[in-house]
$ cat final.cif   # mmCIF, C-alpha atoms
data_coords
#
loop_
_atom_site.group_PDB
_atom_site.id
_atom_site.type_symbol
_atom_site.label_atom_id
_atom_site.label_comp_id
_atom_site.auth_asym_id
_atom_site.auth_seq_id
_atom_site.Cartn_x
_atom_site.Cartn_y
_atom_site.Cartn_z
ATOM 1 C CA MET A 1 103.274 21.597 59.202
ATOM 2 C CA ALA A 2 101.749 18.148 59.344
ATOM 3 C CA GLN A 3 101.535 18.434 63.144
ATOM 4 C CA TRP A 4 99.778 21.803 62.812
ATOM 5 C CA CYS A 5 97.269 20.253 60.424
ATOM 6 C CA LEU A 6 96.756 17.304 62.783
ATOM 7 C CA ASP A 7 96.243 19.452 65.876
ATOM 8 C CA ARG A 8 93.833 21.918 64.252
ATOM 9 C CA LYS A 9 92.018 19.376 62.058
ATOM 10 C CA ALA A 10 92.246 21.778 59.155
ATOM 11 C CA PRO A 11 93.783 21.489 55.657
ATOM 12 C CA ALA A 12 96.990 23.307 54.870
ATOM 13 C CA GLY A 13 99.305 23.878 51.964
ATOM 14 C CA LEU A 14 98.430 24.089 48.304
ATOM 15 C CA GLY A 15 94.847 25.193 47.611
ATOM 16 C CA SER A 16 94.141 26.188 51.238
ATOM 17 C CA ASP A 17 94.217 29.391 53.264
ATOM 18 C CA THR A 18 97.251 28.263 55.281
ATOM 19 C CA LEU A 19 100.626 28.368 53.525
ATOM 20 C CA PRO A 20 99.167 28.077 50.008
ATOM 21 C CA ALA A 21 102.652 28.459 48.534
ATOM 22 C CA LEU A 22 103.602 24.920 49.600
ATOM 23 C CA ALA A 23 103.996 22.319 46.867
ATOM 24 C CA GLN A 24 101.896 19.826 48.868
ATOM 25 C CA ARG A 25 98.359 19.759 50.187
ATOM 26 C CA LEU A 26 97.856 18.376 53.684
ATOM 27 C CA LEU A 27 94.504 16.942 54.706
ATOM 28 C CA PRO A 28 93.663 15.788 58.261
ATOM 29 C CA LEU A 29 92.167 12.301 58.358
ATOM 30 C CA THR A 30 89.344 12.916 60.804
ATOM 31 C CA THR A 31 86.093 11.197 61.673
ATOM 32 C CA ALA A 32 83.361 12.095 64.125
ATOM 33 C CA ASN A 33 85.375 10.594 67.012
ATOM 34 C CA LEU A 34 89.023 10.348 65.981
ATOM 35 C CA THR A 35 91.844 12.176 64.272
ATOM 36 C CA LEU A 36 93.909 9.413 62.714
ATOM 37 C CA GLY A 37 96.618 11.139 60.719
ATOM 38 C CA VAL A 38 97.453 13.476 57.874
ATOM 39 C CA LEU A 39 97.235 12.782 54.169
ATOM 40 C CA VAL A 40 99.942 14.576 52.164
ATOM 41 C CA ILE A 41 99.339 15.046 48.443
ATOM 42 C CA GLU A 42 102.186 16.183 46.227
ATOM 43 C CA PRO A 43 100.859 16.399 42.671
ATOM 44 C CA ALA A 44 103.078 16.151 39.642
ATOM 45 C CA ASN A 45 101.120 19.033 38.120
ATOM 46 C CA LEU A 46 100.353 21.808 40.595
ATOM 47 C CA ARG A 47 97.651 23.212 38.375
ATOM 48 C CA LEU A 48 95.449 20.172 39.040
ATOM 49 C CA LEU A 49 94.897 21.330 42.608
ATOM 50 C CA MET A 50 93.783 24.731 41.405
ATOM 51 C CA ILE A 51 90.564 23.179 40.102
ATOM 52 C CA PRO A 52 87.774 23.242 42.760
ATOM 53 C CA GLU A 53 86.375 19.903 41.616
ATOM 54 C CA GLN A 54 89.780 18.265 42.115
ATOM 55 C CA LEU A 55 90.034 19.699 45.620
ATOM 56 C CA ARG A 56 86.596 18.391 46.548
ATOM 57 C CA LEU A 57 87.541 14.975 45.149
ATOM 58 C CA LEU A 58 90.707 14.901 47.254
ATOM 59 C CA ASP A 59 88.699 15.886 50.331
ATOM 60 C CA LEU A 60 86.335 12.999 49.631
ATOM 61 C CA TYR A 61 89.259 10.589 49.350
ATOM 62 C CA GLY A 62 90.526 11.854 52.698
ATOM 63 C CA VAL A 63 87.151 11.166 54.320
ATOM 64 C CA LEU A 64 87.056 7.623 52.900
ATOM 65 C CA ILE A 65 90.600 6.888 54.084
ATOM 66 C CA ALA A 66 89.760 8.187 57.558
ATOM 67 C CA ILE A 67 86.662 5.977 57.764
ATOM 68 C CA ALA A 68 88.693 2.928 56.713
ATOM 69 C CA LEU A 69 91.372 3.654 59.321
ATOM 70 C CA GLU A 70 88.724 4.138 62.005
ATOM 71 C CA ARG A 71 87.217 0.749 61.207
ATOM 72 C CA ILE A 72 90.649 -0.855 61.528
ATOM 73 C CA ALA A 73 91.192 0.835 64.891
ATOM 74 C CA LEU A 74 87.772 -0.235 66.166
ATOM 75 C CA ALA A 75 88.359 -3.809 65.017
ATOM 76 C CA ARG A 76 91.688 -3.853 66.846
ATOM 77 C CA ASP A 77 90.075 -2.549 70.032
ATOM 78 C CA ALA A 78 87.323 -5.168 69.802
ATOM 79 C CA GLU A 79 89.931 -7.902 69.365
ATOM 80 C CA GLN A 80 91.849 -6.700 72.422
ATOM 81 C CA ALA A 81 88.653 -6.657 74.481
ATOM 82 C CA GLN A 82 87.797 -10.188 73.362
ATOM 83 C CA LEU A 83 91.319 -11.382 74.180
ATOM 84 C CA LYS A 84 91.063 -9.865 77.648
ATOM 85 C CA MET A 85 87.764 -11.673 78.241
ATOM 86 C CA GLU A 86 89.279 -14.975 77.104
ATOM 87 C CA SER A 87 92.258 -14.377 79.395
ATOM 88 C CA GLU A 88 89.991 -13.808 82.381
ATOM 89 C CA ARG A 89 87.893 -16.869 81.570
ATOM 90 C CA LEU A 90 90.971 -19.085 81.227
ATOM 91 C CA ARG A 91 92.381 -17.746 84.487
ATOM 92 C CA ASN A 92 89.187 -18.451 86.378
ATOM 93 C CA SER A 93 88.867 -21.951 84.908
ATOM 94 C CA LEU A 94 92.467 -22.844 85.691
ATOM 95 C CA LEU A 95 92.451 -21.594 89.253
ATOM 96 C CA ALA A 96 89.044 -23.109 89.999
ATOM 97 C CA ALA A 97 90.167 -26.499 88.669
ATOM 98 C CA LEU A 98 93.435 -26.327 90.592
ATOM 99 C CA SER A 99 91.663 -25.344 93.793
ATOM 100 C CA HIS A 100 89.126 -28.178 93.381
ATOM 101 C CA ASP A 101 91.806 -30.803 92.696
ATOM 102 C CA LEU A 102 93.819 -29.830 95.763
ATOM 103 C CA ARG A 103 90.955 -29.298 98.172
ATOM 104 C CA THR A 104 89.898 -32.972 98.473
ATOM 105 C CA PRO A 105 93.324 -34.487 99.307
ATOM 106 C CA LEU A 106 94.028 -31.628 101.712
ATOM 107 C CA THR A 107 90.741 -32.312 103.500
ATOM 108 C CA VAL A 108 91.695 -35.970 103.904
ATOM 109 C CA LEU A 109 95.182 -35.030 105.067
ATOM 110 C CA PHE A 110 93.775 -32.609 107.615
ATOM 111 C CA GLY A 111 91.459 -35.300 108.999
ATOM 112 C CA GLN A 112 94.320 -37.766 109.327
ATOM 113 C CA ALA A 113 96.523 -35.146 111.004
ATOM 114 C CA GLU A 114 93.736 -34.334 113.455
ATOM 115 C CA ILE A 115 93.275 -38.004 114.363
ATOM 116 C CA LEU A 116 97.044 -38.436 114.762
ATOM 117 C CA THR A 117 97.231 -35.357 117.001
ATOM 118 C CA LEU A 118 94.439 -36.626 119.264
ATOM 119 C CA GLU A 119 95.885 -40.136 119.540
ATOM 120 C CA LEU A 120 99.430 -38.951 120.302
ATOM 121 C CA GLY A 121 98.115 -36.376 122.742
ATOM 122 C CA SER A 122 95.988 -38.894 124.634
ATOM 123 C CA ALA A 123 99.001 -41.215 124.828
ATOM 124 C CA GLY A 124 101.145 -38.391 126.203
ATOM 125 C CA LEU A 125 103.809 -38.833 123.533
ATOM 126 C CA PRO A 126 106.155 -35.915 122.679
ATOM 127 C CA GLN A 127 105.403 -36.354 118.952
ATOM 128 C CA ALA A 128 101.980 -34.829 119.620
ATOM 129 C CA LEU A 129 103.476 -31.361 119.194
ATOM 130 C CA GLN A 130 104.826 -32.244 115.752
ATOM 131 C CA ALA A 131 101.480 -33.735 114.766
ATOM 132 C CA GLU A 132 99.725 -30.546 115.895
ATOM 133 C CA ALA A 133 102.174 -28.473 113.812
ATOM 134 C CA ILE A 134 101.415 -30.639 110.771
ATOM 135 C CA ARG A 135 97.668 -30.238 111.328
ATOM 136 C CA GLN A 136 98.025 -26.444 111.545
ATOM 137 C CA GLN A 137 100.162 -26.254 108.407
ATOM 138 C CA VAL A 138 97.661 -28.365 106.465
ATOM 139 C CA LEU A 139 94.909 -26.034 107.649
ATOM 140 C CA ASP A 140 96.870 -22.967 106.499
ATOM 141 C CA THR A 141 97.585 -24.595 103.128
ATOM 142 C CA SER A 142 93.898 -25.389 102.692
ATOM 143 C CA ARG A 143 93.058 -21.743 103.242
ATOM 144 C CA LEU A 144 95.562 -20.720 100.566
ATOM 145 C CA VAL A 145 94.093 -23.233 98.123
ATOM 146 C CA ASN A 146 90.575 -22.014 98.826
ATOM 147 C CA ASN A 147 91.732 -18.472 97.978
ATOM 148 C CA LEU A 148 93.398 -19.450 94.678
ATOM 149 C CA PRO A 149 90.514 -18.187 92.474
ATOM 150 C CA GLY A 150 91.004 -14.716 93.953
ATOM 151 C CA TYR A 151 94.616 -14.335 92.847
ATOM 152 C CA GLY A 152 95.584 -11.823 90.107
ATOM 153 C CA PRO A 153 95.100 -12.502 86.380
ATOM 154 C CA SER A 154 97.482 -14.748 84.447
ATOM 155 C CA ALA A 155 99.126 -13.590 81.227
ATOM 156 C CA VAL A 156 97.506 -14.908 78.076
ATOM 157 C CA ARG A 157 99.231 -14.247 74.793
ATOM 158 C CA ARG A 158 98.769 -15.116 71.166
ATOM 159 C CA PRO A 159 99.694 -16.881 68.927
ATOM 160 C CA GLY A 160 99.458 -20.179 70.748
ATOM 161 C CA VAL A 161 97.726 -18.997 73.896
ATOM 162 C CA THR A 162 100.374 -19.094 76.642
ATOM 163 C CA LEU A 163 99.189 -19.054 80.222
ATOM 164 C CA GLY A 164 101.596 -17.393 82.630
ATOM 165 C CA LEU A 165 101.424 -19.411 85.818
ATOM 166 C CA ALA A 166 103.514 -17.093 87.964
ATOM 167 C CA VAL A 167 100.536 -16.420 90.224
ATOM 168 C CA VAL A 168 99.775 -20.115 90.679
ATOM 169 C CA ALA A 169 103.447 -20.882 91.231
ATOM 170 C CA GLY A 170 103.596 -18.162 93.849
ATOM 171 C CA ALA A 171 100.653 -19.646 95.697
ATOM 172 C CA GLY A 172 102.160 -23.113 95.375
ATOM 173 C CA GLY A 173 105.448 -21.809 96.751
ATOM 174 C CA GLN A 174 103.672 -20.471 99.818
ATOM 175 C CA CYS A 175 101.950 -23.820 100.308
ATOM 176 C CA LEU A 176 105.235 -25.710 100.004
ATOM 177 C CA ALA A 177 107.000 -23.328 102.327
ATOM 178 C CA ARG A 178 104.301 -23.756 104.964
ATOM 179 C CA ALA A 179 104.169 -27.526 104.591
ATOM 180 C CA GLY A 180 107.964 -27.805 104.608
ATOM 181 C CA GLY A 181 108.226 -25.908 107.879
ATOM 182 C CA ALA A 182 106.069 -28.446 109.705
ATOM 183 C CA VAL A 183 108.292 -31.479 109.149
ATOM 184 C CA THR A 184 111.978 -30.951 108.310
ATOM 185 C CA ARG A 185 111.860 -27.490 106.691
ATOM 186 C CA PRO A 186 113.391 -28.472 103.350
ATOM 187 C CA SER A 187 114.273 -25.650 100.974
ATOM 188 C CA ALA A 188 111.601 -25.267 98.315
ATOM 189 C CA ALA A 189 111.981 -23.122 95.183
ATOM 190 C CA THR A 190 109.213 -22.439 92.705
ATOM 191 C CA GLY A 191 109.028 -20.332 89.532
ATOM 192 C CA ALA A 192 107.209 -19.729 86.320
ATOM 193 C CA SER A 193 108.670 -19.036 84.382
ATOM 194 C CA GLY A 194 100.144 6.628 63.416
ATOM 195 C CA ARG A 195 99.657 9.073 65.124
ATOM 196 C CA LEU A 196 101.018 10.605 61.949
ATOM 197 C CA ALA A 197 100.199 8.785 58.732
ATOM 198 C CA VAL A 198 101.729 10.307 55.595
ATOM 199 C CA ALA A 199 100.916 9.222 52.077
ATOM 200 C CA LEU A 200 102.505 10.712 48.975
ATOM 201 C CA LEU A 201 100.574 10.599 45.725
#
$ encode --input "final.cif" --output "structure tokens"
Amino acid sequence: MAQWCLDRKAPAGLGSDTLPALAQRLLPLTTANLTLGVLVIEPANLRLLMIPEQLRLLDLYGVLIAIALERIALARDAEQAQLKMESERLRNSLLAALSHDLRTPLTVLFGQAEILTLELGSAGLPQALQAEAIRQQVLDTSRLVNNLPGYGPSAVRRPGVTLGLAVVAGAGGQCLARAGGAVTRPSAATGASGRLAVALL
């Protein structure tokens, strides 16, 4: 019966046109935009709900309860939206800072690898191929670092805002894998770890 009242947004039970023989009165808690639940009133004295003024008073209470519940729901939605914005801002700040901190040493390393490649190549030494591989891997790693700010969002949770760095660790793992393949290919592992509200009176 409560589901019927919720779906049709109409009162039921005692003092209504639907199943008036019930010992309870069911009121839908509705606002202009939402249907939040059903208020169930079971009076100790059934005759009280036979008085029109009492019925109107109960309807007014239902409206006030619905408005209060709607405000709670809106406040919760606003908090979730704010948390999502903070999460995005923290993600962007973290990845931008990480990308900036890695970009400078990688630029220096690339320059040194390029010089080493040219010198070994001009001398005709066989190590020139290894130096060229190092230079290429540094270049690929630099591209990954430059793309860090475009990776997916990190997880931010409360209480005690916790940043999930799985995305950053994944990017770092790719960088390590590429860099490792240029020299001795070591193994590298990375990780990062109402609708129905019923009240009895």
$ resolve_selection --input "final.cif" --expression "the PyMOL selection byres ((chain A and resi 16) around 12)" --output "PDB file with C-alpha atoms, in the frame of the given file"
ATOM      1  CA  CYS A   5      97.269  20.253  60.424  1.00  0.00           C
ATOM      2  CA  ALA A  10      92.246  21.778  59.155  1.00  0.00           C
ATOM      3  CA  PRO A  11      93.783  21.489  55.657  1.00  0.00           C
ATOM      4  CA  ALA A  12      96.990  23.307  54.870  1.00  0.00           C
ATOM      5  CA  GLY A  13      99.305  23.878  51.964  1.00  0.00           C
ATOM      6  CA  LEU A  14      98.430  24.089  48.304  1.00  0.00           C
ATOM      7  CA  GLY A  15      94.847  25.193  47.611  1.00  0.00           C
ATOM      8  CA  ASP A  17      94.217  29.391  53.264  1.00  0.00           C
ATOM      9  CA  THR A  18      97.251  28.263  55.281  1.00  0.00           C
ATOM     10  CA  LEU A  19     100.626  28.368  53.525  1.00  0.00           C
ATOM     11  CA  PRO A  20      99.167  28.077  50.008  1.00  0.00           C
ATOM     12  CA  ALA A  21     102.652  28.459  48.534  1.00  0.00           C
ATOM     13  CA  LEU A  22     103.602  24.920  49.600  1.00  0.00           C
ATOM     14  CA  ALA A  23     103.996  22.319  46.867  1.00  0.00           C
ATOM     15  CA  GLN A  24     101.896  19.826  48.868  1.00  0.00           C
ATOM     16  CA  ARG A  25      98.359  19.759  50.187  1.00  0.00           C
ATOM     17  CA  LEU A  26      97.856  18.376  53.684  1.00  0.00           C
ATOM     18  CA  LEU A  27      94.504  16.942  54.706  1.00  0.00           C
ATOM     19  CA  LEU A  49      94.897  21.330  42.608  1.00  0.00           C
ATOM     20  CA  MET A  50      93.783  24.731  41.405  1.00  0.00           C
ATOM     21  CA  PRO A  52      87.774  23.242  42.760  1.00  0.00           C
ATOM     22  CA  LEU A  55      90.034  19.699  45.620  1.00  0.00           C
ATOM     23  CA  ARG A  56      86.596  18.391  46.548  1.00  0.00           C
ATOM     24  CA  ASP A  59      88.699  15.886  50.331  1.00  0.00           C
TER      25      ASP A  59
END
$ resolve_selection --input "final.cif" --expression "the PyMOL selection byres ((chain A and resi 110) around 9)" --output "PyMOL selection string"
chain A and resi 105-109+111-115+134-136+138-139+142
$ resolve_selection --input "final.cif" --expression "the PyMOL selection byres ((chain A and resi 146) around 10)" --output "compact mmCIF listing (two decimals) with C-alpha atoms, keeping the file's coordinate frame"
# COMPACT_ATOMS: atom_id res chain seq x y z
CA LEU A 95 92.45 -21.59 89.25
CA ALA A 96 89.04 -23.11 90.00
CA LEU A 98 93.44 -26.33 90.59
CA SER A 99 91.66 -25.34 93.79
CA HIS A 100 89.13 -28.18 93.38
CA LEU A 102 93.82 -29.83 95.76
CA ARG A 103 90.96 -29.30 98.17
CA ASP A 140 96.87 -22.97 106.50
CA THR A 141 97.58 -24.60 103.13
CA SER A 142 93.90 -25.39 102.69
CA ARG A 143 93.06 -21.74 103.24
CA LEU A 144 95.56 -20.72 100.57
CA VAL A 145 94.09 -23.23 98.12
CA ASN A 147 91.73 -18.47 97.98
CA LEU A 148 93.40 -19.45 94.68
CA PRO A 149 90.51 -18.19 92.47
CA GLY A 150 91.00 -14.72 93.95
$ atom_distance --input "final.cif" --atom1 "atom CA of A:Lys9" --atom2 "atom CA of A:Leu29"
8.0 Å
$ residues_around --input "final.cif" --residues "A:Ile65" --least-positions-apart "4" --cutoff "12 Å" --atoms "only C-alpha atoms" --output "list in words"
Leu27, Pro28, Leu29, Thr30, Thr31, Thr35, Leu36, Gly37, Val38, Leu39, Leu58, Asp59, Leu60, Tyr61, Leu69, Glu70, Arg71, Ile72, Ala197, Val198 and Ala199 of chain A
